[in-house]
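Raw query_30.tsv, TSV, C-alpha atoms and all ligand atoms:
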```tsv
chain	number	residue	atom	x	y	z
G	27	MET	CA	-53.68	-60.22	12.71
G	28	SER	CA	-49.91	-60.85	12.66
G	29	GLU	CA	-48.41	-63.96	14.21
G	30	GLN	CA	-46.77	-61.79	16.96
G	31	GLU	CA	-50.13	-60.54	18.19
G	32	LEU	CA	-51.55	-64.03	18.74
G	33	ILE	CA	-51.40	-65.82	22.09
G	34	PRO	CA	-50.98	-69.54	22.78
G	35	ILE	CA	-53.73	-71.61	24.31
G	36	TYR	CA	-53.91	-75.40	24.69
G	37	VAL	CA	-57.12	-77.12	23.66
G	38	ALA	CA	-57.15	-80.63	25.13
G	39	GLY	CA	-53.36	-80.43	25.12
G	40	VAL	CA	-52.97	-79.14	21.55
G	41	ARG	CA	-51.25	-75.75	21.19
G	42	GLN	CA	-53.14	-73.17	19.18
G	43	MET	CA	-52.27	-69.55	18.41
G	44	VAL	CA	-55.35	-67.34	18.74
G	45	PRO	CA	-56.25	-63.63	19.03
G	46	PRO	CA	-56.13	-62.35	22.62
G	47	LEU	CA	-59.51	-60.62	22.73
G	48	PHE	CA	-61.56	-63.65	21.76
G	49	THR	CA	-63.82	-65.81	23.88
G	50	ILE	CA	-62.74	-69.43	24.18
G	51	GLN	CA	-65.51	-70.32	21.73
G	52	ARG	CA	-64.44	-67.83	19.07
G	53	ALA	CA	-60.77	-68.69	19.61
G	54	MET	CA	-61.46	-72.37	19.04
G	55	GLU	CA	-63.30	-71.57	15.83
G	56	TYR	CA	-60.45	-69.29	14.76
G	57	ALA	CA	-58.13	-72.27	15.30
G	58	GLY	CA	-60.30	-74.41	13.03
G	59	TYR	CA	-62.50	-76.35	15.44
G	60	VAL	CA	-66.01	-76.95	14.16
G	61	LEU	CA	-68.22	-76.81	17.23
G	62	ILE	CA	-70.85	-79.40	16.49
G	63	HIS	CA	-71.13	-80.15	20.19
G	64	ASN	CA	-70.45	-77.82	23.13
G	65	CYS	CA	-72.10	-74.90	21.40
G	66	GLY	CA	-75.66	-73.66	21.28
G	67	CYS	CA	-76.92	-70.17	22.03
G	68	ARG	CA	-73.51	-68.43	22.08
G	69	GLY	CA	-75.00	-66.10	24.66
G	70	GLY	CA	-74.50	-67.74	28.07
G	71	VAL	CA	-77.96	-69.24	28.26
G	72	CYS	CA	-78.05	-72.79	26.92
G	73	GLY	CA	-75.33	-74.40	29.05
G	74	ALA	CA	-73.80	-76.37	26.19
G	75	CYS	CA	-70.29	-74.93	26.40
G	76	ALA	CA	-69.11	-75.70	29.95
G	77	THR	CA	-65.33	-75.60	29.98
G	78	GLU	CA	-62.63	-76.31	32.53
G	79	TYR	CA	-59.30	-74.54	32.35
G	80	ARG	CA	-56.12	-73.75	34.19
G	81	LEU	CA	-53.81	-70.77	33.82
G	82	PRO	CA	-49.98	-70.94	33.97
G	83	GLY	CA	-48.60	-70.83	37.50
G	84	ASP	CA	-52.04	-71.42	39.03
G	85	PRO	CA	-52.71	-74.90	40.40
G	86	LEU	CA	-56.47	-74.30	40.50
G	87	ILE	CA	-58.82	-75.64	37.84
G	88	LYS	CA	-61.38	-72.99	36.93
G	89	ARG	CA	-64.74	-73.37	35.21
G	90	GLY	CA	-66.53	-71.12	32.79
G	91	LEU	CA	-68.72	-70.98	29.72
G	92	ALA	CA	-66.70	-70.98	26.49
G	93	CYS	CA	-68.98	-68.36	24.95
G	94	GLN	CA	-68.50	-65.98	27.90
G	95	THR	CA	-64.90	-66.56	29.02
G	96	MET	CA	-61.98	-64.75	27.37
G	97	VAL	CA	-58.83	-66.63	26.44
G	98	GLU	CA	-55.63	-65.88	28.34
G	99	PRO	CA	-52.04	-66.66	27.38
G	100	GLY	CA	-51.07	-70.22	28.21
G	101	MET	CA	-54.62	-71.25	29.14
G	102	GLN	CA	-55.09	-75.02	29.12
G	103	LEU	CA	-58.68	-75.98	28.54
G	104	VAL	CA	-61.03	-78.80	27.83
G	105	GLN	CA	-64.74	-78.68	27.14
G	106	ILE	CA	-67.11	-80.88	29.09
G	107	PRO	CA	-69.05	-83.09	26.73
G	108	TYR	CA	-72.61	-84.16	27.38
G	109	TYR	CA	-72.77	-85.55	30.92
G	110	PRO	CA	-75.01	-88.61	31.33
G	111	ALA	CA	-76.59	-87.58	34.65
G	112	ARG	CA	-79.76	-89.49	35.42
G	113	ARG	CA	-83.05	-87.73	34.79
G	114	ALA	CA	-86.04	-89.31	36.46
G	115	VAL	CA	-89.09	-89.82	34.27
G	116	PHE	CA	-92.17	-89.14	36.35
G	117	ASP	CA	-95.87	-88.43	36.23
G	118	LEU	CA	-96.50	-84.93	37.53
G	119	GLU	CA	-100.01	-85.94	38.56
G	120	LYS	CA	-98.71	-88.77	40.75
G	121	THR	CA	-95.78	-87.05	42.45
G	122	GLU	CA	-96.07	-85.07	45.66
G	123	PRO	CA	-94.50	-81.59	45.88
G	124	THR	CA	-92.57	-82.53	49.02
G	125	ALA	CA	-89.10	-83.65	50.09
G	126	GLU	CA	-90.40	-87.24	50.08
G	127	GLY	CA	-91.67	-86.81	46.53
G	128	LEU	CA	-88.26	-85.59	45.39
G	129	VAL	CA	-86.36	-88.31	47.28
G	130	ASP	CA	-88.62	-90.93	45.68
G	131	LEU	CA	-87.56	-89.62	42.29
G	132	TYR	CA	-83.94	-89.06	43.28
G	133	PRO	CA	-82.88	-91.26	46.26
G	134	GLU	CA	-79.32	-89.95	45.85
G	135	LEU	CA	-80.60	-86.56	47.10
G	136	ALA	CA	-80.63	-87.94	50.66
G	137	LYS	CA	-76.92	-88.77	50.38
G	138	CYS	CA	-75.69	-85.19	50.05
G	139	LEU	CA	-72.57	-84.73	52.16
G	140	GLY	CA	-72.83	-80.97	52.38
G	141	CYS	CA	-69.34	-80.68	50.90
G	142	ASN	CA	-70.25	-77.55	48.87
G	143	THR	CA	-68.22	-78.71	45.84
G	144	CYS	CA	-71.20	-78.12	43.55
G	145	THR	CA	-71.45	-74.49	44.63
G	146	LYS	CA	-67.73	-73.95	44.14
G	147	VAL	CA	-67.74	-75.25	40.56
G	148	CYS	CA	-70.95	-73.69	39.23
G	149	PRO	CA	-70.06	-71.27	36.40
G	150	GLN	CA	-73.26	-69.34	37.17
G	151	GLU	CA	-72.09	-68.92	40.78
G	152	LEU	CA	-75.34	-70.38	42.08
G	153	ASP	CA	-75.75	-71.68	45.61
G	154	VAL	CA	-76.15	-75.26	44.37
G	155	MET	CA	-75.68	-76.88	47.77
G	156	GLY	CA	-78.22	-74.40	49.11
G	157	TYR	CA	-80.89	-75.49	46.66
G	158	ILE	CA	-80.11	-79.16	47.30
G	159	ALA	CA	-80.54	-78.50	51.03
G	160	ALA	CA	-83.83	-76.69	50.29
G	161	ALA	CA	-84.98	-79.71	48.25
G	162	LEU	CA	-84.23	-81.93	51.23
G	163	ARG	CA	-86.34	-79.66	53.43
G	164	GLY	CA	-89.15	-79.77	50.87
G	165	ASP	CA	-88.88	-76.00	50.37
G	166	LEU	CA	-89.63	-75.97	46.65
G	167	LYS	CA	-90.02	-72.21	46.50
G	168	GLU	CA	-86.46	-71.80	47.78
G	169	VAL	CA	-85.19	-74.39	45.28
G	170	ARG	CA	-86.75	-72.33	42.50
G	171	ARG	CA	-85.36	-69.08	43.87
G	172	LEU	CA	-81.81	-70.42	44.18
G	173	SER	CA	-81.77	-72.44	40.96
G	174	PHE	CA	-83.68	-70.10	38.67
G	175	GLU	CA	-80.60	-69.09	36.67
G	176	CYS	CA	-79.34	-72.65	36.26
G	177	ILE	CA	-78.47	-73.28	32.61
G	178	LEU	CA	-78.24	-77.08	32.94
G	179	CYS	CA	-74.56	-77.14	32.02
G	180	GLY	CA	-74.00	-80.19	34.25
G	181	THR	CA	-70.74	-79.00	35.82
G	182	CYS	CA	-72.07	-79.48	39.36
G	183	ALA	CA	-73.00	-83.11	38.70
G	184	THR	CA	-69.61	-83.92	37.16
G	185	HIS	CA	-67.95	-83.01	40.46
G	186	CYS	CA	-70.40	-84.42	43.01
G	187	PRO	CA	-68.83	-87.23	45.09
G	188	GLN	CA	-72.33	-88.63	45.67
G	189	GLU	CA	-73.36	-88.68	41.99
G	190	ILE	CA	-76.25	-86.32	42.63
G	191	PRO	CA	-77.76	-84.77	39.47
G	192	GLN	CA	-78.43	-81.41	41.15
G	193	TYR	CA	-79.84	-79.58	38.13
G	194	GLN	CA	-82.28	-82.38	37.30
G	195	ILE	CA	-83.55	-82.32	40.89
G	196	ALA	CA	-84.02	-78.55	40.69
G	197	MET	CA	-85.93	-78.93	37.43
G	198	ALA	CA	-88.25	-81.53	39.00
G	199	ALA	CA	-88.77	-79.25	42.03
G	200	ARG	CA	-89.67	-76.28	39.82
G	201	ARG	CA	-92.13	-78.37	37.84
G	202	LEU	CA	-93.77	-79.66	41.00
G	203	GLU	CA	-93.97	-76.17	42.44
G	204	GLY	CA	-95.51	-74.89	39.22
G	205	ARG	CA	-98.05	-77.69	39.17
G	206	TYR	CA	-99.11	-77.67	42.85
G	207	LEU	CA	-97.95	-74.63	44.77
G	208	MET	CA	-98.06	-71.62	42.48
G	209	PRO	CA	-101.27	-69.64	42.05
G	210	PRO	CA	-103.32	-70.75	39.06
G	211	ALA	CA	-102.89	-68.80	35.83
G	212	PRO	CA	-106.41	-68.17	34.47
G	213	MET	CA	-105.13	-66.68	31.19
G	214	MET	CA	-103.15	-69.85	30.52
G	215	ASP	CA	-106.22	-72.03	31.13
G	216	LYS	CA	-108.22	-69.81	28.79
G	217	ARG	CA	-105.57	-70.06	26.06
G	218	VAL	CA	-105.31	-73.87	26.37
G	219	GLU	CA	-109.10	-74.10	26.16
G	220	GLU	CA	-109.08	-71.91	23.04
G	221	ILE	CA	-106.46	-74.13	21.42
G	222	ASN	CA	-108.34	-77.30	22.36
G	223	ASN	CA	-111.53	-75.81	20.90
G	224	GLY	CA	-109.82	-75.12	17.59
G	225	PHE	CA	-109.73	-71.33	17.93
G	226	TYR	CA	-106.44	-71.22	16.00
G	227	GLY	CA	-107.29	-74.15	13.75
G	228	ALA	CA	-107.72	-72.09	10.58
G	229	GLU	CA	-104.41	-70.23	11.07
G	230	LEU	CA	-102.53	-73.47	11.78
G	231	ALA	CA	-104.08	-75.19	8.77
G	232	ASN	CA	-103.08	-72.22	6.62
G	233	LEU	CA	-99.49	-72.29	7.94
G	234	LYS	CA	-99.25	-75.97	7.02
G	235	THR	CA	-99.99	-75.15	3.38
G	236	LEU	CA	-97.07	-72.68	3.09
G	237	SER	CA	-93.71	-73.55	1.55
G	238	LYS	CA	-90.44	-73.13	3.47
G	239	GLU	CA	-89.74	-69.90	1.55
G	240	GLU	CA	-93.17	-68.50	2.34
G	241	LEU	CA	-92.74	-69.39	6.01
G	242	GLU	CA	-89.36	-67.65	6.05
G	243	GLU	CA	-90.91	-64.52	4.50
G	244	ARG	CA	-93.66	-64.60	7.12
G	245	TRP	CA	-91.08	-65.00	9.88
G	246	LYS	CA	-88.98	-62.06	8.60
G	247	ALA	CA	-92.06	-59.86	8.36
G	248	ASN	CA	-92.91	-60.68	11.97
G	249	GLN	CA	-89.49	-59.67	13.29
G	250	GLY	CA	-90.39	-55.96	13.20
G	251	GLU	CA	-93.55	-56.77	15.10
G	252	LEU	CA	-91.61	-58.74	17.73
G	253	LYS	CA	-89.00	-56.00	18.20
G	254	ARG	CA	-91.71	-53.57	19.26
G	255	TRP	CA	-92.46	-55.73	22.32
B	1	LIG	S1	-71.29	-81.76	45.57
B	1	LIG	FE1	-72.87	-83.32	45.92
B	1	LIG	S2	-72.50	-84.06	48.01
B	1	LIG	FE2	-71.38	-82.11	47.81
B	1	LIG	S3	-72.87	-80.53	48.56
B	1	LIG	FE3	-73.13	-80.70	46.33
B	1	LIG	S4	-74.80	-82.17	46.07
B	1	LIG	FE4	-74.04	-82.43	48.17
B	2	LIG	S1	-76.39	-75.52	39.03
B	2	LIG	FE1	-75.14	-77.05	37.96
B	2	LIG	S2	-76.11	-77.30	35.96
B	2	LIG	FE2	-76.89	-75.39	36.86
B	2	LIG	S3	-75.55	-73.79	36.07
B	2	LIG	FE3	-74.68	-74.42	38.05
B	2	LIG	S4	-73.20	-76.03	37.53
B	2	LIG	FE4	-74.49	-75.73	35.73
B	3	LIG	S1	-73.11	-71.63	23.84
B	3	LIG	FE1	-74.91	-71.54	25.12
B	3	LIG	S2	-74.08	-71.04	27.08
B	3	LIG	FE2	-72.35	-70.97	25.77
```
Show me, as structure tokens, the structure contained in the file I just sent.
Amino acid sequence: MSEQELIPIYVAGVRQMVPPLFTIQRAMEYAGYVLIHNCGCRGGVCGACATEYRLPGDPLIKRGLACQTMVEPGMQLVQIPYYPARRAVFDLEKTEPTAEGLVDLYPELAKCLGCNTCTKVCPQELDVMGYIAAALRGDLKEVRRLSFECILCGTCATHCPQEIPQYQIAMAARRLEGRYLMPPAPMMDKRVEEINNGFYGAELANLKTLSKEELEERWKANQGELKRW
């Protein structure tokens, strides 16, 4: 591509000339960045590539996923590194699937101001404040419904004036709902029992004897099988 066909973008303030029809992620790699961090699935699922950007003449900061957002001329961007939001460690068997249970794990939940900033910044366009409000009501089913497409990118938490780790709270709520409120899954119990009784023991023992190359061959052979599903 000739120099005239490239467009300028600014990555953390550094000007780079990149092709116009690239995602931010591909454009950064074109410019020579090696994405050790801020890159995972490349498909809008893992949440590793949250990016904030501004376009010329627009005072607003926008948010998007670098693997899903196209570059635009003059775009100024920065990627959000890992965000150290607190994640409560808890025993599922000793935590109640209620608002009180969640507030015990995350006391900051009770300090939500209802400012809606989290909803405005979510690159998945989720109703983040809505699921936080549902968590406060103890409506775990609604938390799951509203947060199901959360990709744990952390953007909501980086902007919360009350330091609430929204996505961690939603994860805890979904786990509690799965443990206590959802109908039991008999097939799952059966499979766990089979595993505990060594039903797959011979296959696992055999896999452990294979070399890396043999495992790769086995994996490739299984791809055709998987595609049929
Ligand atoms: S940004 Fe924080 S305080 Fe504001 S609504 Fe969301 S969770 Fe509540
Ligand atoms: S809810 Fe928060 S962590 Fe989840 S996708 Fe939206 S901004 Fe990212
Ligand atoms: S790299 Fe996984 S969401 Fe962008």
Test item: residues no farther than 10 Å from ligand LIG 2 (chain B), counting only C-alpha atoms and all ligand atoms, as a PyMOL selection string: chain G and resi 71-74+76+89-91+144-155+157-158+172-185+191-194+196-197
Edge lengths and centre in Å, axis-aligned, ligand LIG 3 (chain B) plus 5 Å each side, as JSON:
```
{"center_x": -73.6, "center_y": -71.3, "center_z": 25.5, "size_x": 12.6, "size_y": 10.7, "size_z": 13.2}
```
Within 6 Å of ligand LIG 1 (chain B) (counting only C-alpha atoms and all ligand atoms), which residues show up? I'd like them as a PDB file with C-alpha atoms, keeping the file's coordinate frame.
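Below is the file out-v2.pdb, written as the result:
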```pdb
ATOM      1  CA  CYS G 138     -75.690 -85.190  50.050  1.00  0.00           C
ATOM      2  CA  LEU G 139     -72.570 -84.730  52.160  1.00  0.00           C
ATOM      3  CA  GLY G 140     -72.830 -80.970  52.380  1.00  0.00           C
ATOM      4  CA  CYS G 141     -69.340 -80.680  50.900  1.00  0.00           C
ATOM      5  CA  ASN G 142     -70.250 -77.550  48.870  1.00  0.00           C
ATOM      6  CA  THR G 143     -68.220 -78.710  45.840  1.00  0.00           C
ATOM      7  CA  CYS G 144     -71.200 -78.120  43.550  1.00  0.00           C
ATOM      8  CA  MET G 155     -75.680 -76.880  47.770  1.00  0.00           C
ATOM      9  CA  CYS G 186     -70.400 -84.420  43.010  1.00  0.00           C
ATOM     10  CA  PRO G 187     -68.830 -87.230  45.090  1.00  0.00           C
ATOM     11  CA  GLN G 188     -72.330 -88.630  45.670  1.00  0.00           C
ATOM     12  CA  ILE G 190     -76.250 -86.320  42.630  1.00  0.00           C
TER      13      ILE G 190
END
```
Nearby residues (only C-alpha atoms) at most 9 Å from Pro46 of chain G, same-chain spacing under 6 positions excluded, as a list in words: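 Residues meeting the cut-off are Glu31, Leu32, Ile33, Pro34, Ala53, Met96, Val97, Glu98 and Pro99 of chain G.
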To one decimal in Å, tell me the separation between atom CA of Pro123 of chain G and atom CA of Arg171 of chain G.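 Value for the atom CA of Pro123 of chain G-atom CA of Arg171 of chain G distance: 15.6 Å.
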G:Ala199, G:Val169, G:Cys67, G:Met214: which is nearest ligand LIG 3 (chain B), counting only C-alpha atoms and all ligand atoms?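 Looking only at the distances to ligand LIG 3 (chain B), the closest residue turns out to be G:Cys67.
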Give the answer as one residue: which of G:Pro133, G:Gly227, G:Pro212, G:Gly66 has the shortest atom-to-atom distance to Ile195 of chain G, using only C-alpha atoms? G:Pro133
